[in-house]
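Visitor: Structure incoming, see below.
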Amino acid sequence: MRVAVTGGAGYIGSVVTEILESDGHQVLVIDNLSKGRRDAVSNAAFARIDLRDRTEVALALRGFGADAVVHMAASSLVGESVSDPAAYYDNNLTAGLTLLDAMRDADVSRLVFSSTAAVYGDPERQPIEETDPTRPTNPYGETKLAFERALRWYAGAYGLSSTSLRYFNAAGATAAHGEAHEPETHLIPLALEVADGRRPFVTVFGTDYPTPDGTCVRDYIHVEDLARAHVLAMHALTERRVCRAYNLGCGGQGYSVRDVIDAVTRVTGREIPVRIADRRAGDPAELIASSERIRRELDWTPRHQDLDVIVRSAWDWMRHDARDRIASTSLIGCSEAQDVGRSASSA
Ligand SMILES: NC(=O)c1ccc[n+]([C@@H]2O[C@H](COP(=O)([O-])OP(=O)(O)OC[C@H]3O[C@@H](n4cnc5c(N)ncnc54)[C@H](O)[C@@H]3O)[C@@H](O)[C@H]2O)c1
């Protein structure tokens, strides 16, 4: 298939692209590079386009001959969404709707949407199931849910087929692609940066939660397992007008903040200094998503659930990436020369 991946220069999108290509699909990455890295797009075709530009997106989809879109591009910092909701409505809802219109222009009717388990807000029970109430507690979750709801109406009216995937924490790396957010807010890369000497300590927010060790428990899924779920969901979109949602969860009890720090210590062999702080407002004690539905219906089976395996993959990638960056700095004059003459919007 010919698949357009929005946000394919970002963390998860670069791995989705890698898995699609390793399965023999042709990929076009559409990314405005607001957060992503051009060097995270290895072999795929690349179009530097903002999703709010309907004409350019439609032209790119049509020119590429896309059969389906995997929509990963978004703004995804919960705190930032609270302080600047307008930016989140703009990038997660308006830009998303513009993508749907561009897909209509280009006659592309299959979409896999990277949603979030933040659509559930503060859940009443764990693990969370798809039928549980959706009551987001921040604009990030709210804008993702608003887009999911639009998908239902677009299915009935325009024949769009879509699957939304709701999950909490992507983690880990492949040999080629990993996590390098700026700013970084995720626990595993933060703890690894401490191990690597780039940060002095990890802050643990709250040690008095009603969990086995008093720290918050969260769901971590290996990014390669996530990427495979996106590809499976894409293949399952064989009929028109379907609109599905699946949770993706680690399938167990989750891991506490303390578990993650212990795993980082084990994997790196380095002590991780910790600073204890008060609980953060709005942090539930436990957040775990049930994956039963996608296991049952699409036979999705995560392969890398062990926390040490997840952390080791991220650690290996982080050290490899750091070496690559040092090497490319010494070649910077060369790469600048190669960029001359490249189209501003695509390469
Ligand atoms: N990282 C996680 O743990 C996690 C958890 C749940 C859901 N998600 C969702 O998965 C998706 C990918 O997350 P990520 O961690 O890889 O994020 P990321 O920031 O690494 O990647 C997002 C990419 O989208 C691009 N982008 C953003 N707005 C754009 C626009 N208007 N036009 C074109 N490109 C644009 C950015 O440049 C970036 O490359 C997001 O939709 C996020 O909400 C992530």
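Here, A, B, ... name the chains of the structure tokens in the order displayed, residue numbers run from 1 inside each chain, and ligands are numbered from 1 in the same displayed order.
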Quick one: residues within 6 Å of ligand 1, with only C-alpha atoms and all ligand atoms, as a compact mmCIF listing (two decimals) with N, CA, C and O atoms, in the first residue's frame?

Guide:
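Here's the written file result_7.txt:
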```txt
# COMPACT_ATOMS: atom_id res chain seq x y z
N GLY A 7 3.17 13.55 10.78
CA GLY A 7 3.99 13.50 11.98
C GLY A 7 5.03 12.39 11.94
O GLY A 7 5.54 11.96 12.98
N GLY A 8 5.38 11.97 10.74
CA GLY A 8 6.33 10.85 10.59
C GLY A 8 7.77 11.21 10.91
O GLY A 8 8.64 10.34 10.94
N ALA A 9 8.04 12.51 11.15
CA ALA A 9 9.40 12.90 11.58
C ALA A 9 9.48 12.95 13.11
O ALA A 9 10.52 13.28 13.66
N GLY A 10 8.37 12.62 13.78
CA GLY A 10 8.36 12.60 15.24
C GLY A 10 8.72 11.22 15.78
O GLY A 10 9.06 10.30 15.02
N TYR A 11 8.61 11.09 17.08
CA TYR A 11 9.04 9.86 17.77
C TYR A 11 8.27 8.63 17.26
O TYR A 11 8.84 7.73 16.63
N ILE A 12 6.96 8.58 17.51
CA ILE A 12 6.21 7.36 17.16
C ILE A 12 6.05 7.26 15.64
O ILE A 12 6.16 6.17 15.06
N GLY A 13 5.83 8.40 14.99
CA GLY A 13 5.64 8.39 13.54
C GLY A 13 6.85 7.83 12.80
O GLY A 13 6.70 7.15 11.77
N ASP A 31 5.13 16.32 7.40
CA ASP A 31 5.48 16.86 8.72
C ASP A 31 5.94 18.31 8.52
O ASP A 31 6.63 18.62 7.54
N ASN A 32 5.55 19.20 9.43
CA ASN A 32 6.01 20.59 9.32
C ASN A 32 7.32 20.82 10.08
O ASN A 32 7.82 21.95 10.13
N LEU A 33 7.83 19.78 10.70
CA LEU A 33 9.09 19.82 11.48
C LEU A 33 9.00 20.81 12.65
O LEU A 33 10.04 21.29 13.12
N SER A 34 7.80 21.11 13.12
CA SER A 34 7.68 21.98 14.29
C SER A 34 8.31 21.30 15.50
O SER A 34 8.86 21.95 16.38
N LYS A 35 8.22 19.98 15.55
CA LYS A 35 8.83 19.20 16.63
C LYS A 35 9.72 18.09 16.10
O LYS A 35 10.64 17.65 16.77
N GLY A 36 9.42 17.60 14.93
CA GLY A 36 10.12 16.42 14.44
C GLY A 36 11.52 16.74 13.92
O GLY A 36 11.94 17.89 13.87
N ILE A 49 5.13 19.98 5.05
CA ILE A 49 3.86 20.69 4.87
C ILE A 49 3.19 20.80 6.24
O ILE A 49 3.24 19.85 7.04
N ASP A 50 2.53 21.92 6.47
CA ASP A 50 1.71 22.05 7.66
C ASP A 50 0.31 21.52 7.33
O ASP A 50 -0.23 21.84 6.27
N LEU A 51 -0.26 20.73 8.24
CA LEU A 51 -1.55 20.11 7.95
C LEU A 51 -2.67 21.13 7.77
O LEU A 51 -3.73 20.81 7.24
N ARG A 52 -2.45 22.36 8.23
CA ARG A 52 -3.49 23.38 8.05
C ARG A 52 -3.57 23.88 6.61
O ARG A 52 -4.47 24.63 6.27
N MET A 72 -0.47 10.96 12.89
CA MET A 72 0.26 11.04 14.17
C MET A 72 0.55 12.48 14.58
O MET A 72 0.91 12.74 15.72
N ALA A 73 0.45 13.42 13.64
CA ALA A 73 0.87 14.80 13.93
C ALA A 73 -0.07 15.44 14.95
O ALA A 73 -1.29 15.37 14.80
N ALA A 74 0.50 16.04 15.96
CA ALA A 74 -0.32 16.69 17.00
C ALA A 74 0.61 17.45 17.94
O ALA A 74 1.83 17.29 17.91
N SER A 75 -0.03 18.27 18.77
CA SER A 75 0.67 18.82 19.94
C SER A 75 0.24 17.95 21.11
O SER A 75 -0.95 17.64 21.23
N SER A 76 1.18 17.57 21.98
CA SER A 76 0.80 16.55 22.96
C SER A 76 1.39 16.78 24.36
O SER A 76 1.68 15.81 25.05
N ASN A 91 -4.14 23.03 16.51
CA ASN A 91 -3.29 22.00 15.90
C ASN A 91 -3.91 20.60 15.95
O ASN A 91 -3.66 19.78 15.06
N ALA A 95 -6.41 21.52 12.46
CA ALA A 95 -5.48 20.91 11.49
C ALA A 95 -5.95 19.50 11.13
O ALA A 95 -5.85 19.09 9.98
N SER A 114 -3.88 8.36 15.71
CA SER A 114 -3.19 8.17 16.98
C SER A 114 -3.85 9.08 18.00
O SER A 114 -3.53 10.26 18.08
N SER A 115 -4.78 8.54 18.74
CA SER A 115 -5.48 9.33 19.75
C SER A 115 -4.71 9.23 21.07
O SER A 115 -3.47 9.14 21.06
N THR A 116 -5.40 9.21 22.16
CA THR A 116 -4.72 9.13 23.45
C THR A 116 -5.69 8.57 24.49
O THR A 116 -6.91 8.79 24.38
N TYR A 167 -3.92 5.33 23.78
CA TYR A 167 -2.90 4.72 24.65
C TYR A 167 -2.27 5.79 25.53
O TYR A 167 -2.45 6.99 25.32
N PHE A 168 -1.52 5.33 26.54
CA PHE A 168 -0.88 6.28 27.46
C PHE A 168 0.57 6.55 27.04
O PHE A 168 0.81 7.37 26.18
N ASN A 169 1.52 5.79 27.57
CA ASN A 169 2.93 6.17 27.40
C ASN A 169 3.65 5.29 26.40
O ASN A 169 3.90 4.11 26.66
N ALA A 170 4.00 5.89 25.26
CA ALA A 170 4.88 5.19 24.34
C ALA A 170 6.28 5.20 24.94
O ALA A 170 6.68 6.18 25.58
N HIS A 181 12.13 14.18 22.46
CA HIS A 181 11.23 15.33 22.50
C HIS A 181 11.97 16.56 23.04
O HIS A 181 12.89 16.44 23.83
```

Visitor: Name the residues of region 79-145 of chain A that fall into strand (DSSP E) according to DSSP on the backbone, using the chain letters and numbers of this document, as a VMD selection string.

Guide: chain A and resid 110 to 114

Visitor: Compile the contact shell of Ala281 (chain A) as a ChimeraX atom specification: residues with an atom at most 12 Å away, counting only C-alpha atoms, same-chain residues fewer than 2 positions apart removed.

Guide: /A:78-79,122,137-138,205-206,277-279,283-285

Visitor: Using C-alpha atoms, can you write the selected residues to a file as a CSV table (one decimal), in the first residue's frame?

Guide:
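Ended up saving to selection_14.csv:
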```csv
chain,number,residue,atom,x,y,z
A,78,VAL,CA,-0.8,18.2,28.7
A,79,GLY,CA,0.5,21.2,30.8
A,122,ASP,CA,-9.8,10.5,35.6
A,137,THR,CA,-9.6,16.7,32.2
A,138,ASN,CA,-7.4,18.8,29.9
A,205,PHE,CA,5.9,13.8,42.2
A,206,GLY,CA,4.3,12.2,45.2
A,277,ALA,CA,8.3,16.6,45.4
A,278,ASP,CA,4.6,17.1,46.2
A,279,ARG,CA,1.9,15.4,44.1
A,283,ASP,CA,-2.2,13.1,38.5
A,284,PRO,CA,-4.4,10.0,39.2
A,285,ALA,CA,-2.7,7.2,41.2
```

Visitor: Which residue gives the smallest distance to Ala227 (chain A) among A:Phe113, A:Trp317, A:Trp153, A:Phe64, with only C-alpha atoms counted?

Guide: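 For Ala227 (chain A), the nearest of the candidates is A:Phe113.
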
Visitor: Taking 2 positions as the minimum chain separation for residues in the same chain, which residues sit within 12 Å of Leu61 (chain A) when counting only C-alpha atoms? Answer as a PyMOL selection string.

Guide: chain A and resi 2-6+27-30+45-47+49+51+54-59+63-69+99-109

Visitor: Set the distance at 12 Å and use only C-alpha atoms: which residues neighbour Ile294 (chain A) once local chain neighbours fewer than 2 positions away are removed? I'd like the list as a PyMOL selection string.

Guide: chain A and resi 129-130+163-167+226+228-230+232-233+236+244-249+251+289-292+296-302

Visitor: Could the residues in this selection be written to a file with N, CA and C atoms, as a JSON list (two decimals), in the first residue's frame?

Guide:
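Below is the file that was written, selection-v9.json:
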```
[["chain", "number", "residue", "atom", "x", "y", "z"],
["A", 129, "GLU", "N", -11.60, 0.38, 29.85],
["A", 129, "GLU", "CA", -12.08, -0.25, 28.61],
["A", 129, "GLU", "C", -12.70, 0.81, 27.70],
["A", 130, "GLU", "N", -12.83, 0.45, 26.43],
["A", 130, "GLU", "CA", -13.30, 1.40, 25.42],
["A", 130, "GLU", "C", -14.71, 1.91, 25.72],
["A", 163, "THR", "N", -9.94, 4.21, 12.33],
["A", 163, "THR", "CA", -9.71, 3.57, 13.63],
["A", 163, "THR", "C", -8.88, 4.51, 14.48],
["A", 164, "SER", "N", -9.38, 4.78, 15.69],
["A", 164, "SER", "CA", -8.61, 5.60, 16.65],
["A", 164, "SER", "C", -7.95, 4.66, 17.66],
["A", 165, "LEU", "N", -6.69, 4.93, 17.93],
["A", 165, "LEU", "CA", -5.96, 4.12, 18.91],
["A", 165, "LEU", "C", -5.67, 4.99, 20.13],
["A", 166, "ARG", "N", -6.11, 4.51, 21.30],
["A", 166, "ARG", "CA", -5.97, 5.28, 22.54],
["A", 166, "ARG", "C", -4.96, 4.60, 23.45],
["A", 167, "TYR", "N", -3.92, 5.33, 23.78],
["A", 167, "TYR", "CA", -2.90, 4.72, 24.65],
["A", 167, "TYR", "C", -2.27, 5.79, 25.53],
["A", 226, "LEU", "N", 3.40, -0.46, 19.47],
["A", 226, "LEU", "CA", 2.43, 0.57, 19.08],
["A", 226, "LEU", "C", 2.37, 0.69, 17.57],
["A", 228, "ARG", "N", 3.15, -1.47, 15.33],
["A", 228, "ARG", "CA", 2.52, -2.64, 14.70],
["A", 228, "ARG", "C", 1.00, -2.58, 14.84],
["A", 229, "ALA", "N", 0.52, -2.03, 15.96],
["A", 229, "ALA", "CA", -0.93, -1.88, 16.13],
["A", 229, "ALA", "C", -1.49, -0.91, 15.09],
["A", 230, "HIS", "N", -0.76, 0.17, 14.79],
["A", 230, "HIS", "CA", -1.23, 1.11, 13.77],
["A", 230, "HIS", "C", -1.31, 0.41, 12.40],
["A", 232, "LEU", "N", -1.64, -2.88, 11.81],
["A", 232, "LEU", "CA", -2.76, -3.85, 11.85],
["A", 232, "LEU", "C", -4.09, -3.14, 11.66],
["A", 233, "ALA", "N", -4.25, -2.01, 12.36],
["A", 233, "ALA", "CA", -5.52, -1.26, 12.28],
["A", 233, "ALA", "C", -5.74, -0.78, 10.84],
["A", 236, "ALA", "N", -7.00, -3.57, 8.70],
["A", 236, "ALA", "CA", -8.36, -4.01, 9.05],
["A", 236, "ALA", "C", -9.43, -3.07, 8.50],
["A", 244, "ARG", "N", -13.94, 2.97, 14.37],
["A", 244, "ARG", "CA", -13.65, 2.13, 15.53],
["A", 244, "ARG", "C", -12.69, 2.85, 16.47],
["A", 245, "ALA", "N", -12.65, 2.38, 17.70],
["A", 245, "ALA", "CA", -11.63, 2.86, 18.65],
["A", 245, "ALA", "C", -11.13, 1.66, 19.44],
["A", 246, "TYR", "N", -9.82, 1.59, 19.60],
["A", 246, "TYR", "CA", -9.21, 0.54, 20.42],
["A", 246, "TYR", "C", -8.26, 1.17, 21.43],
["A", 247, "ASN", "N", -8.23, 0.61, 22.61],
["A", 247, "ASN", "CA", -7.18, 0.94, 23.57],
["A", 247, "ASN", "C", -5.95, 0.10, 23.28],
["A", 248, "LEU", "N", -4.80, 0.65, 23.60],
["A", 248, "LEU", "CA", -3.56, -0.14, 23.60],
["A", 248, "LEU", "C", -2.96, 0.01, 24.99],
["A", 249, "GLY", "N", -2.81, -1.11, 25.67],
["A", 249, "GLY", "CA", -2.25, -1.05, 27.03],
["A", 249, "GLY", "C", -1.19, -2.11, 27.21],
["A", 251, "GLY", "N", -1.12, -4.46, 29.26],
["A", 251, "GLY", "CA", -1.69, -5.78, 29.50],
["A", 251, "GLY", "C", -1.45, -6.33, 30.89],
["A", 289, "ALA", "N", -4.64, 0.97, 30.63],
["A", 289, "ALA", "CA", -5.66, 0.72, 29.60],
["A", 289, "ALA", "C", -5.73, -0.78, 29.31],
["A", 290, "SER", "N", -6.94, -1.27, 29.12],
["A", 290, "SER", "CA", -7.12, -2.68, 28.75],
["A", 290, "SER", "C", -7.00, -2.81, 27.23],
["A", 291, "SER", "N", -6.24, -3.82, 26.78],
["A", 291, "SER", "CA", -6.08, -4.05, 25.32],
["A", 291, "SER", "C", -6.90, -5.24, 24.86],
["A", 292, "GLU", "N", -7.82, -5.70, 25.69],
["A", 292, "GLU", "CA", -8.55, -6.93, 25.35],
["A", 292, "GLU", "C", -9.24, -6.86, 23.99],
["A", 296, "ARG", "N", -8.47, -9.31, 20.85],
["A", 296, "ARG", "CA", -9.54, -10.22, 20.41],
["A", 296, "ARG", "C", -9.87, -9.99, 18.93],
["A", 297, "GLU", "N", -10.04, -8.72, 18.54],
["A", 297, "GLU", "CA", -10.55, -8.45, 17.19],
["A", 297, "GLU", "C", -9.46, -8.38, 16.12],
["A", 298, "LEU", "N", -8.26, -7.89, 16.49],
["A", 298, "LEU", "CA", -7.21, -7.75, 15.47],
["A", 298, "LEU", "C", -6.00, -8.64, 15.76],
["A", 299, "ASP", "N", -6.09, -9.41, 16.84],
["A", 299, "ASP", "CA", -5.00, -10.32, 17.20],
["A", 299, "ASP", "C", -3.68, -9.57, 17.45],
["A", 300, "TRP", "N", -3.79, -8.38, 18.03],
["A", 300, "TRP", "CA", -2.58, -7.61, 18.37],
["A", 300, "TRP", "C", -1.92, -8.23, 19.60],
["A", 301, "THR", "N", -0.64, -8.56, 19.46],
["A", 301, "THR", "CA", 0.08, -9.14, 20.59],
["A", 301, "THR", "C", 1.36, -8.37, 20.80],
["A", 302, "PRO", "N", 1.45, -7.61, 21.89],
["A", 302, "PRO", "CA", 2.69, -6.89, 22.13],
["A", 302, "PRO", "C", 3.85, -7.85, 22.37]]
```

Visitor: Extract the full set of alpha helix (DSSP H) residues from region 103-168 of chain A according to DSSP on the backbone, and format it as a VMD selection string.

Guide: chain A and resid 103 to 105 139 to 158

Visitor: Just to be explicit: take each residue in the selection above, keep C-alpha atoms, and write the result as an mmCIF file, in the first residue's frame.

Guide:
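What follows is the written file selection39.cif:
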```cif
data_model
loop_
_atom_site.group_PDB
_atom_site.id
_atom_site.type_symbol
_atom_site.label_atom_id
_atom_site.label_comp_id
_atom_site.auth_asym_id
_atom_site.auth_seq_id
_atom_site.Cartn_x
_atom_site.Cartn_y
_atom_site.Cartn_z
ATOM 1 C CA MET A 103 -8.245 13.452 2.136
ATOM 2 C CA ARG A 104 -11.701 13.994 0.610
ATOM 3 C CA ASP A 105 -10.147 16.206 -2.084
ATOM 4 C CA PRO A 139 -7.527 20.394 26.412
ATOM 5 C CA TYR A 140 -5.087 17.810 25.028
ATOM 6 C CA GLY A 141 -7.520 14.955 25.722
ATOM 7 C CA GLU A 142 -10.503 17.127 24.840
ATOM 8 C CA THR A 143 -9.189 18.054 21.381
ATOM 9 C CA LYS A 144 -8.276 14.429 20.603
ATOM 10 C CA LEU A 145 -11.779 13.341 21.609
ATOM 11 C CA ALA A 146 -13.366 16.111 19.534
ATOM 12 C CA PHE A 147 -11.454 14.846 16.501
ATOM 13 C CA GLU A 148 -12.513 11.244 17.226
ATOM 14 C CA ARG A 149 -16.131 12.408 17.317
ATOM 15 C CA ALA A 150 -15.763 14.183 13.977
ATOM 16 C CA LEU A 151 -14.561 10.887 12.489
ATOM 17 C CA ARG A 152 -17.929 9.291 13.257
ATOM 18 C CA TRP A 153 -19.837 11.993 11.368
ATOM 19 C CA TYR A 154 -17.382 11.927 8.458
ATOM 20 C CA ALA A 155 -17.905 8.144 8.175
ATOM 21 C CA GLY A 156 -21.655 8.494 7.749
ATOM 22 C CA ALA A 157 -21.561 11.502 5.447
ATOM 23 C CA TYR A 158 -18.425 10.954 3.345
#
```

Visitor: For a quick check of understanding, using only C-alpha atoms, which of A:His71, A:Leu77, A:Arg293, A:Asp321 has the smallest distance to Glu182 (chain A)?

Guide: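 Among A:His71, A:Leu77, A:Arg293, A:Asp321, it is A:Leu77 that comes nearest to Glu182 (chain A).
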
Visitor: Select, from A:Leu160, A:Ile128, A:Val309, A:Ala44, the residue with the minimum atom-to-atom distance to Leu237 (chain A), counting only C-alpha atoms.

Guide: A:Leu160
